[in-house]
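J.: Got a structure for you, run-v2.txt, holding compact mmCIF, C-alpha atoms.
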# COMPACT_ATOMS: atom_id res chain seq x y z
CA MET C 152 -19.51 -55.29 50.69
CA ILE C 153 -17.76 -57.54 48.25
CA PRO C 154 -20.60 -58.22 45.81
CA GLU C 155 -21.26 -54.47 45.65
CA PHE C 156 -17.66 -53.69 45.05
CA GLU C 157 -17.04 -56.09 42.18
CA PRO C 158 -19.29 -54.50 39.58
CA ASP C 159 -17.63 -51.17 40.32
CA VAL C 160 -14.26 -52.58 39.41
CA ASN C 161 -15.81 -53.90 36.24
CA ILE C 162 -17.09 -50.47 35.31
CA LEU C 163 -13.77 -48.90 36.13
CA TYR C 164 -12.01 -51.45 33.98
CA ARG C 165 -14.36 -50.83 31.10
CA LYS C 166 -14.00 -47.08 31.42
CA ALA C 167 -10.24 -47.40 31.44
CA VAL C 168 -9.98 -49.68 28.46
CA GLU C 169 -12.80 -48.95 26.05
CA PRO C 170 -12.43 -45.20 25.55
CA GLN C 171 -8.78 -45.77 24.83
CA GLN C 172 -9.66 -48.09 22.01
CA VAL C 173 -12.13 -45.56 20.66
CA SER C 174 -9.66 -42.70 20.93
CA GLN C 175 -7.01 -44.72 19.13
CA LYS C 176 -9.41 -45.13 16.26
CA MET C 177 -10.03 -41.37 16.26
CA VAL C 178 -6.31 -40.67 16.19
CA GLY C 179 -5.99 -42.95 13.21
CA GLU C 180 -8.61 -40.90 11.41
CA LEU C 181 -6.62 -37.68 11.97
CA TYR C 182 -8.99 -35.04 13.20
CA MET C 183 -6.53 -32.30 12.45
CA MET C 184 -8.24 -29.38 14.16
CA ASN C 185 -7.92 -31.18 17.51
CA TYR C 186 -4.15 -31.20 17.25
CA ILE C 187 -3.80 -27.66 15.99
CA TRP C 188 -6.07 -26.29 18.70
CA ALA C 189 -4.54 -28.24 21.57
CA ALA C 190 -1.02 -27.47 20.39
CA LEU C 191 -1.75 -23.72 20.22
CA ILE C 192 -3.06 -23.62 23.77
CA ILE C 193 -0.48 -25.90 25.39
CA PHE C 194 2.36 -24.17 23.59
CA SER C 195 1.09 -20.74 24.71
CA ILE C 196 0.84 -21.80 28.33
CA ILE C 197 4.30 -23.40 28.42
CA PHE C 198 5.88 -20.49 26.56
CA SER C 199 4.45 -17.82 28.81
CA CYS C 200 5.36 -19.80 31.94
CA LEU C 201 8.96 -19.89 30.74
CA PHE C 202 9.43 -16.47 29.15
CA GLY C 203 6.29 -14.40 29.36
CA ASP C 204 3.56 -12.96 31.50
CA VAL C 205 1.33 -15.63 33.01
CA THR C 206 -1.21 -13.22 34.51
CA LYS C 207 -1.68 -11.64 31.09
CA LEU C 208 -2.35 -15.06 29.64
CA SER C 209 -4.95 -16.01 32.24
CA ASN C 210 -6.67 -12.63 31.79
CA VAL C 211 -6.81 -13.24 28.06
CA LEU C 212 -8.27 -16.70 28.62
CA LEU C 213 -11.03 -15.17 30.74
CA THR C 214 -11.91 -12.38 28.31
CA SER C 215 -11.55 -14.39 25.10
CA GLY C 216 -14.98 -15.99 25.51
CA ASN C 217 -16.59 -12.56 25.59
CA ASP C 218 -14.54 -11.40 22.62
CA ALA C 219 -15.58 -14.46 20.65
CA LEU C 220 -19.26 -14.02 21.41
CA GLU C 221 -19.06 -10.35 20.48
CA LEU C 222 -17.57 -11.44 17.18
CA ALA C 223 -20.31 -14.05 16.80
CA LEU C 224 -22.97 -11.41 17.46
CA THR C 225 -21.48 -9.08 14.85
CA LEU C 226 -21.40 -12.00 12.47
CA ALA C 227 -24.98 -12.91 13.38
CA GLY C 228 -26.18 -9.43 12.45
CA GLY C 229 -24.46 -9.66 9.08
CA MET C 230 -25.77 -13.15 8.51
CA CYS C 231 -29.35 -12.12 9.19
CA LEU C 232 -29.07 -9.11 6.89
CA TRP C 233 -27.33 -10.88 4.01
CA GLY C 234 -29.28 -14.07 4.51
CA GLY C 235 -32.45 -12.03 4.06
CA LEU C 236 -31.18 -10.06 1.07
CA MET C 237 -29.90 -13.23 -0.53
CA ARG C 238 -33.29 -14.85 -0.16
CA ILE C 239 -34.82 -11.94 -2.09
CA ALA C 240 -32.07 -12.17 -4.69
CA ASP C 241 -32.75 -15.89 -5.01
CA LYS C 242 -36.49 -15.40 -5.50
CA SER C 243 -36.00 -12.65 -8.09
CA GLY C 244 -33.52 -14.64 -10.18
CA ILE C 245 -30.43 -12.52 -9.51
CA THR C 246 -28.46 -15.43 -8.10
CA LYS C 247 -29.28 -17.55 -11.15
CA LEU C 248 -27.81 -14.85 -13.39
CA THR C 249 -24.61 -14.57 -11.34
CA ALA C 250 -24.28 -18.34 -11.28
CA LYS C 251 -24.43 -18.39 -15.09
CA LEU C 252 -21.58 -15.88 -15.25
CA PHE C 253 -19.37 -17.88 -12.92
CA SER C 254 -20.37 -21.41 -13.89
CA PRO C 255 -17.44 -22.15 -16.27
CA LEU C 256 -15.05 -21.18 -13.47
CA ILE C 257 -16.90 -23.26 -10.90
CA GLY C 258 -16.95 -26.26 -13.21
CA LEU C 259 -13.18 -25.98 -13.36
CA ILE C 260 -12.54 -25.51 -9.62
CA MET C 261 -15.31 -27.66 -8.19
CA PRO C 262 -16.30 -30.32 -10.70
CA GLY C 263 -18.52 -31.96 -8.07
CA VAL C 264 -20.96 -29.05 -8.06
CA LYS C 265 -23.66 -29.40 -10.71
CA ARG C 266 -24.70 -26.54 -12.98
CA GLY C 267 -27.84 -24.77 -11.87
CA SER C 268 -27.79 -26.33 -8.39
CA ASN C 269 -28.46 -24.41 -5.16
CA ALA C 270 -24.87 -25.03 -4.15
CA GLU C 271 -23.56 -23.44 -7.34
CA ARG C 272 -25.69 -20.33 -6.78
CA ALA C 273 -24.56 -19.97 -3.16
CA VAL C 274 -20.90 -20.45 -4.09
CA THR C 275 -21.09 -17.81 -6.82
CA MET C 276 -22.72 -15.27 -4.53
CA ASN C 277 -19.87 -15.73 -2.06
CA MET C 278 -17.33 -15.28 -4.85
CA ALA C 279 -19.08 -12.15 -6.08
CA ALA C 280 -19.08 -10.67 -2.57
CA ASN C 281 -15.38 -11.53 -2.20
CA LEU C 282 -14.49 -9.91 -5.52
CA LEU C 283 -16.39 -6.75 -4.63
CA GLY C 284 -14.71 -6.65 -1.24
CA LEU C 285 -17.99 -6.93 0.70
CA GLY C 286 -16.36 -8.67 3.64
CA ASN C 287 -19.49 -8.43 5.77
CA ALA C 288 -21.44 -10.26 3.10
CA ALA C 289 -18.82 -12.78 2.02
CA THR C 290 -18.71 -14.76 5.27
CA PRO C 291 -22.50 -15.15 5.66
CA LEU C 292 -22.81 -16.11 2.00
CA GLY C 293 -19.86 -18.47 2.34
CA LEU C 294 -21.50 -20.24 5.29
CA LYS C 295 -24.70 -20.56 3.27
CA ALA C 296 -22.65 -22.14 0.49
CA MET C 297 -21.06 -24.53 2.99
CA GLU C 298 -24.55 -25.62 4.02
CA GLU C 299 -25.44 -26.41 0.42
CA LEU C 300 -22.14 -28.23 -0.15
CA ASP C 301 -22.78 -30.15 3.07
CA LYS C 302 -26.14 -31.31 1.68
CA LEU C 303 -24.42 -32.46 -1.53
CA ASN C 304 -21.89 -34.29 0.63
CA GLY C 305 -24.64 -36.16 2.50
CA HIS C 306 -23.80 -34.39 5.81
CA SER C 307 -20.64 -36.47 6.06
CA PRO C 308 -18.02 -35.35 8.63
CA THR C 309 -15.36 -35.61 5.92
CA ALA C 310 -14.79 -32.56 3.74
CA SER C 311 -15.66 -33.15 0.08
CA PRO C 312 -13.18 -32.04 -2.61
CA ALA C 313 -15.59 -29.22 -3.52
CA MET C 314 -15.60 -28.01 0.09
CA THR C 315 -11.82 -28.09 0.33
CA ALA C 316 -11.50 -26.09 -2.87
CA PHE C 317 -14.14 -23.63 -1.68
CA VAL C 318 -12.54 -23.09 1.74
CA VAL C 319 -9.06 -22.73 0.25
CA LEU C 320 -10.49 -20.17 -2.18
CA ASN C 321 -11.83 -18.24 0.80
CA THR C 322 -8.58 -18.44 2.76
CA ALA C 323 -6.82 -16.81 -0.19
CA SER C 324 -8.08 -13.39 -1.16
CA ILE C 325 -9.72 -12.57 -4.48
CA GLN C 326 -10.63 -8.99 -3.61
CA LEU C 327 -10.41 -6.52 -6.51
CA LEU C 328 -10.17 -3.39 -4.36
CA PRO C 329 -8.54 -3.87 -0.95
CA SER C 330 -10.39 -0.85 0.45
CA THR C 331 -9.41 -1.22 4.13
CA ILE C 332 -5.71 -1.23 3.28
CA ALA C 333 -6.06 1.63 0.79
CA MET C 334 -7.86 3.69 3.44
CA LEU C 335 -5.15 2.94 6.02
CA ARG C 336 -2.46 3.93 3.52
CA VAL C 337 -4.17 7.27 2.94
CA GLU C 338 -4.50 7.77 6.69
CA TYR C 339 -0.77 7.27 7.17
CA GLY C 340 0.08 9.74 4.40
CA SER C 341 0.72 7.57 1.35
CA ALA C 342 1.41 9.57 -1.83
CA ASN C 343 -0.33 6.97 -3.98
CA ALA C 344 -2.50 4.63 -1.96
CA MET C 345 -3.63 2.61 -4.99
CA SER C 346 -0.11 1.99 -6.35
CA ILE C 347 -0.14 -1.44 -4.73
CA LEU C 348 -3.06 -2.67 -6.86
CA PRO C 349 -1.16 -4.39 -9.70
CA CYS C 350 1.02 -6.19 -7.15
CA VAL C 351 -2.00 -7.25 -5.10
CA TRP C 352 -3.78 -8.63 -8.17
CA ILE C 353 -0.78 -10.58 -9.41
CA VAL C 354 0.00 -12.02 -5.98
CA SER C 355 -3.68 -12.88 -5.44
CA VAL C 356 -3.90 -14.76 -8.72
CA ILE C 357 -0.71 -16.66 -7.92
CA THR C 358 -1.78 -17.58 -4.37
CA VAL C 359 -5.27 -18.68 -5.44
CA THR C 360 -3.81 -20.83 -8.21
CA ILE C 361 -1.18 -22.38 -5.94
CA GLY C 362 -3.81 -22.98 -3.25
CA LEU C 363 -6.21 -24.74 -5.61
CA VAL C 364 -3.50 -26.75 -7.37
CA SER C 365 -1.97 -27.95 -4.08
CA CYS C 366 -5.49 -28.76 -2.93
CA LYS C 367 -5.82 -31.19 -5.85
CA ILE C 368 -2.33 -32.61 -5.38
CA PHE C 369 -2.69 -33.12 -1.63
CA THR C 370 -6.13 -34.68 -2.02
CA LYS C 371 -4.78 -37.16 -4.55
CA SER C 372 -1.74 -38.11 -2.44
CA ALA C 373 -3.94 -38.53 0.64
CA LYS C 374 -6.19 -40.86 -1.32
CA LYS C 375 -3.26 -42.97 -2.49
CA GLU C 376 -2.04 -43.38 1.07
CA GLY C 377 -5.54 -44.30 2.24
CA MET K 250 -22.66 -2.25 -0.49
CA LEU K 251 -25.67 0.09 -0.51
CA VAL K 252 -25.93 -0.30 -4.26
CA CYS K 253 -26.00 -4.08 -3.91
CA ALA K 254 -28.70 -3.99 -1.22
CA ALA K 255 -30.83 -1.48 -3.15
CA GLY K 256 -30.35 -3.38 -6.41
CA ILE K 257 -31.50 -6.65 -4.85
CA ILE K 258 -34.58 -5.11 -3.23
CA ILE K 259 -35.63 -3.14 -6.32
CA THR K 260 -35.22 -6.19 -8.58
CA GLY K 261 -37.29 -8.15 -6.07
CA LEU K 262 -40.07 -5.57 -6.22
CA PHE K 263 -40.01 -5.64 -10.03
CA LYS K 264 -40.35 -9.43 -10.00
CA LYS K 265 -43.22 -9.11 -7.51
CA VAL K 266 -41.36 -10.97 -4.75
CA PRO K 267 -42.86 -10.42 -1.26
CA VAL K 268 -39.58 -8.80 -0.22
CA PHE K 269 -40.27 -8.35 3.50
CA ASP K 270 -41.57 -11.88 4.03
CA GLU K 271 -38.71 -13.46 2.10
CA PHE K 272 -36.18 -11.30 3.96
CA LEU K 273 -37.48 -12.65 7.26
CA VAL K 274 -37.17 -16.26 6.08
CA GLY K 275 -33.58 -15.69 4.97
CA ALA K 276 -32.66 -13.75 8.11
CA LYS K 277 -33.94 -16.58 10.29
CA ASP K 278 -31.68 -19.03 8.41
CA GLY K 279 -28.79 -16.61 8.88
CA LEU K 280 -29.32 -16.42 12.62
CA HIS K 281 -29.47 -20.18 12.77
CA SER K 282 -26.07 -20.61 11.13
CA ALA K 283 -24.60 -17.86 13.30
CA VAL K 284 -25.58 -19.82 16.41
CA LYS K 285 -23.98 -22.93 14.93
CA VAL K 286 -20.70 -21.07 14.36
CA ALA K 287 -20.45 -19.52 17.85
CA PRO K 288 -18.82 -22.48 19.68
CA ALA K 289 -16.12 -22.83 17.03
CA LEU K 290 -15.45 -19.09 17.34
CA VAL K 291 -15.07 -19.27 21.13
CA ALA K 292 -12.57 -22.13 20.80
CA LEU K 293 -10.59 -20.41 18.09
CA VAL K 294 -10.51 -16.92 19.61
CA ALA K 295 -9.37 -18.39 22.94
CA SER K 296 -6.42 -20.24 21.43
CA VAL K 297 -5.35 -17.41 19.14
CA SER K 298 -5.54 -14.71 21.82
CA MET K 299 -3.56 -16.95 24.15
CA LEU K 300 -0.86 -17.39 21.53
CA ARG K 301 -0.69 -13.63 21.04
CA ALA K 302 -0.58 -12.94 24.79
CA SER K 303 2.15 -15.53 25.40
CA GLY K 304 4.67 -13.41 23.50
CA ALA K 305 5.75 -16.37 21.37
CA ILE K 306 5.24 -14.49 18.10
CA GLY K 307 7.48 -11.66 19.24
CA SER K 308 10.22 -14.10 20.20
CA ALA K 309 9.96 -15.97 16.90
CA VAL K 310 10.39 -12.65 15.12
CA GLU K 311 13.51 -11.81 17.15
CA ILE K 312 15.07 -15.18 16.32
CA MET K 313 14.31 -14.97 12.58
CA LYS K 314 15.26 -11.31 12.10
CA PRO K 315 18.93 -11.80 11.11
CA LEU K 316 17.92 -14.48 8.61
CA PHE K 317 15.45 -12.14 6.92
CA ALA K 318 17.89 -9.27 6.86
CA ALA K 319 20.42 -11.60 5.21
CA ILE K 320 18.12 -12.39 2.25
CA SER K 321 17.06 -8.70 2.01
CA ILE K 322 13.46 -9.20 3.08
CA PRO K 323 12.45 -6.29 5.32
CA PRO K 324 12.35 -7.89 8.80
CA GLU K 325 9.41 -5.68 9.83
CA VAL K 326 7.05 -7.67 7.60
CA PHE K 327 7.83 -11.02 9.19
CA PRO K 328 5.51 -10.53 12.20
CA LEU K 329 2.78 -9.70 9.68
CA ALA K 330 3.40 -12.94 7.79
CA LEU K 331 3.12 -14.87 11.07
CA MET K 332 0.05 -13.01 12.31
CA ARG K 333 -1.90 -12.83 9.06
CA PRO K 334 -3.19 -16.44 8.92
CA ILE K 335 -4.31 -16.55 12.56
CA SER K 336 -5.70 -13.15 13.51
CA GLY K 337 -7.23 -10.43 11.34
CA SER K 338 -7.20 -7.74 14.04
CA GLY K 339 -3.68 -8.74 15.08
CA ALA K 340 -2.45 -8.42 11.50
CA LEU K 341 -4.11 -5.02 11.14
CA ALA K 342 -2.31 -3.83 14.28
CA VAL K 343 1.05 -5.00 12.87
CA LEU K 344 0.28 -3.27 9.55
CA LYS K 345 -0.44 0.02 11.35
CA ASP K 346 2.82 -0.41 13.27
CA ILE K 347 4.78 -0.75 10.04
CA PHE K 348 2.98 2.23 8.48
CA SER K 349 3.70 4.51 11.43
CA SER K 350 7.32 3.44 11.90
CA SER K 351 8.50 3.19 8.27
CA GLY K 352 5.67 4.86 6.34
CA PRO K 353 3.19 3.31 3.85
CA ASP K 354 5.37 4.08 0.81
CA SER K 355 8.60 2.62 2.23
CA HIS K 356 9.77 -0.75 0.98
CA ALA K 357 8.51 -2.50 4.13
CA GLY K 358 5.23 -0.56 3.94
CA LEU K 359 4.63 -1.60 0.34
CA VAL K 360 5.44 -5.26 0.95
CA ALA K 361 3.17 -5.25 4.00
CA SER K 362 0.32 -3.64 2.03
CA VAL K 363 0.56 -6.19 -0.78
CA MET K 364 0.79 -9.07 1.68
CA MET K 365 -2.24 -7.85 3.60
CA GLY K 366 -4.26 -7.21 0.43
CA SER K 367 -3.61 -10.59 -1.13
CA SER K 368 -4.37 -12.82 1.86
CA GLU K 369 -7.08 -13.68 4.36
CA THR K 370 -7.26 -14.87 7.96
CA THR K 371 -6.71 -18.51 6.99
CA PHE K 372 -7.36 -20.34 10.27
CA TYR K 373 -10.38 -18.24 11.14
CA THR K 374 -11.93 -19.03 7.76
CA ILE K 375 -11.18 -22.74 8.07
CA ALA K 376 -12.56 -23.00 11.62
CA VAL K 377 -15.71 -20.99 10.94
CA TYR K 378 -16.57 -22.54 7.57
CA TYR K 379 -16.04 -26.14 8.65
CA GLY K 380 -17.37 -25.51 12.15
CA SER K 381 -20.67 -24.34 10.73
CA VAL K 382 -21.41 -27.69 9.08
CA GLY K 383 -19.65 -30.01 11.52
CA ILE K 384 -16.84 -31.18 9.23
CA LYS K 385 -14.18 -33.01 11.21
CA LYS K 386 -11.82 -34.39 8.61
CA LEU K 387 -10.36 -31.48 6.72
CA GLY K 388 -8.55 -33.42 3.99
CA ALA K 389 -6.10 -31.29 2.08
CA THR K 390 -7.42 -27.95 3.35
CA VAL K 391 -4.78 -26.93 5.89
CA PRO K 392 -1.67 -27.85 3.88
CA ALA K 393 -3.13 -26.30 0.71
CA ALA K 394 -4.14 -23.09 2.48
CA LEU K 395 -0.74 -22.77 4.18
CA MET K 396 0.96 -23.40 0.85
CA ALA K 397 -1.04 -20.50 -0.59
CA ASP K 398 -0.10 -18.28 2.37
CA ILE K 399 3.62 -19.00 2.07
CA THR K 400 3.47 -18.40 -1.68
CA GLY K 401 1.67 -15.13 -1.03
CA PHE K 402 4.38 -14.03 1.39
CA ILE K 403 7.22 -14.80 -1.01
CA PHE K 404 5.52 -13.27 -4.04
CA SER K 405 4.55 -10.10 -2.14
CA VAL K 406 8.25 -9.48 -1.58
CA LEU K 407 9.11 -10.34 -5.21
CA ALA K 408 6.27 -8.30 -6.72
CA VAL K 409 7.27 -5.16 -4.83
CA LEU K 410 10.92 -5.64 -5.88
CA ILE K 411 9.84 -5.90 -9.53
CA PHE K 412 7.20 -3.16 -9.63
CA PHE K 413 8.77 -0.45 -7.47
What's the C-alpha cells form of this structure?
T.:
Amino acid sequence: MIPEFEPDVNILYRKAVEPQQVSQKMVGELYMMNYIWAALIIFSIIFSCLFGDVTKLSNVLLTSGNDALELALTLAGGMCLWGGLMRIADKSGITKLTAKLFSPLIGLIMPGVKRGSNAERAVTMNMAANLLGLGNAATPLGLKAMEELDKLNGHSPTASPAMTAFVVLNTASIQLLPSTIAMLRVEYGSANAMSILPCVWIVSVITVTIGLVSCKIFTKSAKKEG
Amino acid sequence: MLVCAAGIIITGLFKKVPVFDEFLVGAKDGLHSAVKVAPALVALVASVSMLRASGAIGSAVEIMKPLFAAISIPPEVFPLALMRPISGSGALAVLKDIFSSSGPDSHAGLVASVMMGSSETTFYTIAVYYGSVGIKKLGATVPAALMADITGFIFSVLAVLIFF
C-alpha cells in the first residue's frame, strides 16, 4: 500500500504547487479579457441573488449559447459572401485602388503597415465598408484585416500597435449615413430624421481622434512601465 | 450594398477574373474565420446577457439619475450610454424606448440618436476581432476604446445643445 501511495502524494503536491506558479506568471502578464469576463459573470450572479431574479438569470445562461451561435451563423453567412466578393475585388485590382486612396491616412494611423501590403488593402476595405455603413460587410472585412495584421505581427499573442489602432477605430464609428437610426427616427415620427447628421459627424470625428490619440498615449505609458 | 456587389462582380468580369471560382476560395476563408470567432462569441454573449438579466444596469441608472438631472443631461439617455458598449441589440431596445416615450425630436431623443450614430458595440468588436486571431494581451485597446466611448457620450450631449 505504502509504495503505491507515495507517488500519488507527489503528483498531488506537484499539481497543487506548479499550476499556481504558472498562473501567477499569467496574472503578471495581465490577460485583461479574463478579468473583464469573469467579473461580468460573477457580478451578475451576485447581483441577481441579492436584488434580482435568479431564475431569469439561469434561463438566460442556458439560452445564451444558442443566441451566440445564431449570431455566429449570421456572421458566417456574411463572411462567406463578403469574403468571396472581396477575393474577386482583390483579383480585379479594386482593393489596390481603394488602398491608394486611403494610404496617407493609414500611414498616419498605423505606421507599422507597409504601403501596398495585403494588410493595408484589407484594412482599407474595412474602412470603406464602415464609411458606407455596410455593417454586414465591415465585420467580415475587419476580421480579414486582423488576419493580415496577425501575419505581420508574427502570430504573437500580444496585440501590435497597428492592431490596437485598428480595433479602436472599429469600436468608434466612422459611418457617414447612420441608416438604421435614421430609419427608426422616421418610424417614430421624426419631422427631420437627418437633422442629426452634422452632430453625428462632429462627434464621430472627435471620438475617433480621442480613441486613436489615447491609444498612442496608453501604449507609450505601458511600455515605460514595462 | 447591391451596387457594391454588382460593381465588384462586373469589374471582375471586365478584368477576366474567374469570378465564381475566386468567390468560392474567398467564401471558404470567410467560413473558416467565422468558425474561429464562434467560441469568443459564445463567451461574450453569455456574460453580456447575464449582466442584462441581472437587472444591474437598471439599478445603476436609478442611482445615477439625480446626478444626471442635476447637470441637465437627460437621464433617459444614461441607460443607452451604459448599454451601448456592451450590447448592440440592447442599445437598440433602449433607443426605441426613448423614441416612444419622449419622441425622436425631443432633447433626449436627439441626444440618444447622436450617441447611437457615433458609437459602436465596443466590447463585442474587441472580443470578436481579437478572438479571431487569438490575441491575449490587448495592450492599450480597452482603455483607449472606453476613453472614446466616454468622449462620445459627453460630446453627444454638447453637440445637441449647440446645434438645436
J.: Which is closer to chain K than all the others in C:Met314, C:Ala296, C:Cys366, C:Ala189, using all atoms listed in the file?
T.: C:Cys366
J.: Please return the centre and edge lengths, in Å to one decimal, of a box with edges along x, y and z that contains all listed atoms of range 369-382 of chain K, widened by 8 Å on every side, as lines of an AutoDock Vina configuration file.
T.:
center_x = -14.1
center_y = -20.7
center_z = 8.3
size_x = 30.7
size_y = 30.0
size_z = 23.8
J.: Which is closer to Ser405 in chain K than all the others in C:Cys231, C:Lys247, C:Pro349, C:Ser215, using only C-alpha atoms?
T.: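 Between C:Cys231, C:Lys247, C:Pro349, C:Ser215, the residue approaching Ser405 in chain K most closely is C:Pro349.
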J.: Name all residues at most 8 Å from Gly234 in chain C (count all atoms listed in the file; drop same-chain ones fewer than 4 positions away) and give them as a PDB file with C-alpha atoms, keeping the file's coordinate frame.
T.:
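Now in part-v1.pdb:
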ATOM      1  CA  GLY C 229     -24.460  -9.660   9.080  1.00  0.00           C
ATOM      2  CA  MET C 230     -25.770 -13.150   8.510  1.00  0.00           C
ATOM      3  CA  ARG C 238     -33.290 -14.850  -0.160  1.00  0.00           C
ATOM      4  CA  PRO C 291     -22.500 -15.150   5.660  1.00  0.00           C
ATOM      5  CA  LEU C 292     -22.810 -16.110   2.000  1.00  0.00           C
TER       6      LEU C 292
ATOM      7  CA  PHE K 272     -36.180 -11.300   3.960  1.00  0.00           C
ATOM      8  CA  GLY K 275     -33.580 -15.690   4.970  1.00  0.00           C
ATOM      9  CA  ALA K 276     -32.660 -13.750   8.110  1.00  0.00           C
ATOM     10  CA  LYS K 277     -33.940 -16.580  10.290  1.00  0.00           C
ATOM     11  CA  ASP K 278     -31.680 -19.030   8.410  1.00  0.00           C
ATOM     12  CA  GLY K 279     -28.790 -16.610   8.880  1.00  0.00           C
TER      13      GLY K 279
END
J.: Please provide as an NGL selection string all residues within 12 Å of Glu325 in chain K, with the sequence filter that same-chain residues fewer than 4 positions apart are discarded (counting all atoms listed in the file).
T.: :K and (307 or 310-311 or 313-315 or 317-318 or 321 or 329-331 or 343-352 or 355-361)
J.: Between CA of Ile322 in chain K and CA of Val409 in chain K, what distance in Å does the model show, to one decimal?
T.: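 Here the two named atoms are 10.8 Å from each other.
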J.: Keeping N, CA and C atoms (and nothing else), can you write range 249-263 of chain C of this structure as a PDB file, in the first residue's frame?
T.:
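File written: selection_36.pdb
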ATOM      1  N   THR C 249      -8.546  51.270 -53.861  1.00  0.00           N
ATOM      2  CA  THR C 249      -9.034  51.815 -52.589  1.00  0.00           C
ATOM      3  C   THR C 249      -7.875  52.053 -51.636  1.00  0.00           C
ATOM      4  N   ALA C 250      -6.939  51.098 -51.608  1.00  0.00           N
ATOM      5  CA  ALA C 250      -5.800  51.225 -50.700  1.00  0.00           C
ATOM      6  C   ALA C 250      -5.007  52.486 -51.014  1.00  0.00           C
ATOM      7  N   LYS C 251      -4.877  52.806 -52.333  1.00  0.00           N
ATOM      8  CA  LYS C 251      -4.142  54.011 -52.720  1.00  0.00           C
ATOM      9  C   LYS C 251      -4.819  55.253 -52.171  1.00  0.00           C
ATOM     10  N   LEU C 252      -6.164  55.261 -52.231  1.00  0.00           N
ATOM     11  CA  LEU C 252      -6.925  56.410 -51.736  1.00  0.00           C
ATOM     12  C   LEU C 252      -6.692  56.621 -50.240  1.00  0.00           C
ATOM     13  N   PHE C 253      -6.682  55.515 -49.498  1.00  0.00           N
ATOM     14  CA  PHE C 253      -6.619  55.619 -48.047  1.00  0.00           C
ATOM     15  C   PHE C 253      -5.194  55.646 -47.496  1.00  0.00           C
ATOM     16  N   SER C 254      -4.196  55.318 -48.339  1.00  0.00           N
ATOM     17  CA  SER C 254      -2.878  55.027 -47.774  1.00  0.00           C
ATOM     18  C   SER C 254      -2.240  56.174 -46.976  1.00  0.00           C
ATOM     19  N   PRO C 255      -2.460  57.472 -47.343  1.00  0.00           N
ATOM     20  CA  PRO C 255      -1.887  58.513 -46.469  1.00  0.00           C
ATOM     21  C   PRO C 255      -2.453  58.428 -45.051  1.00  0.00           C
ATOM     22  N   LEU C 256      -3.759  58.168 -44.965  1.00  0.00           N
ATOM     23  CA  LEU C 256      -4.437  58.078 -43.673  1.00  0.00           C
ATOM     24  C   LEU C 256      -3.901  56.889 -42.878  1.00  0.00           C
ATOM     25  N   ILE C 257      -3.731  55.766 -43.564  1.00  0.00           N
ATOM     26  CA  ILE C 257      -3.257  54.561 -42.874  1.00  0.00           C
ATOM     27  C   ILE C 257      -1.834  54.746 -42.385  1.00  0.00           C
ATOM     28  N   GLY C 258      -1.011  55.412 -43.215  1.00  0.00           N
ATOM     29  CA  GLY C 258       0.360  55.681 -42.805  1.00  0.00           C
ATOM     30  C   GLY C 258       0.399  56.476 -41.513  1.00  0.00           C
ATOM     31  N   LEU C 259      -0.594  57.353 -41.366  1.00  0.00           N
ATOM     32  CA  LEU C 259      -0.662  58.200 -40.172  1.00  0.00           C
ATOM     33  C   LEU C 259      -1.115  57.404 -38.950  1.00  0.00           C
ATOM     34  N   ILE C 260      -2.186  56.583 -39.142  1.00  0.00           N
ATOM     35  CA  ILE C 260      -2.777  55.873 -38.005  1.00  0.00           C
ATOM     36  C   ILE C 260      -1.971  54.629 -37.645  1.00  0.00           C
ATOM     37  N   MET C 261      -1.562  53.890 -38.682  1.00  0.00           N
ATOM     38  CA  MET C 261      -0.854  52.635 -38.434  1.00  0.00           C
ATOM     39  C   MET C 261       0.474  52.626 -39.172  1.00  0.00           C
ATOM     40  N   PRO C 262       1.465  53.290 -38.616  1.00  0.00           N
ATOM     41  CA  PRO C 262       2.750  53.385 -39.315  1.00  0.00           C
ATOM     42  C   PRO C 262       3.401  52.017 -39.549  1.00  0.00           C
ATOM     43  N   GLY C 263       2.999  51.008 -38.789  1.00  0.00           N
ATOM     44  CA  GLY C 263       3.602  49.687 -38.942  1.00  0.00           C
ATOM     45  C   GLY C 263       3.170  48.956 -40.199  1.00  0.00           C
TER      46      GLY C 263
END
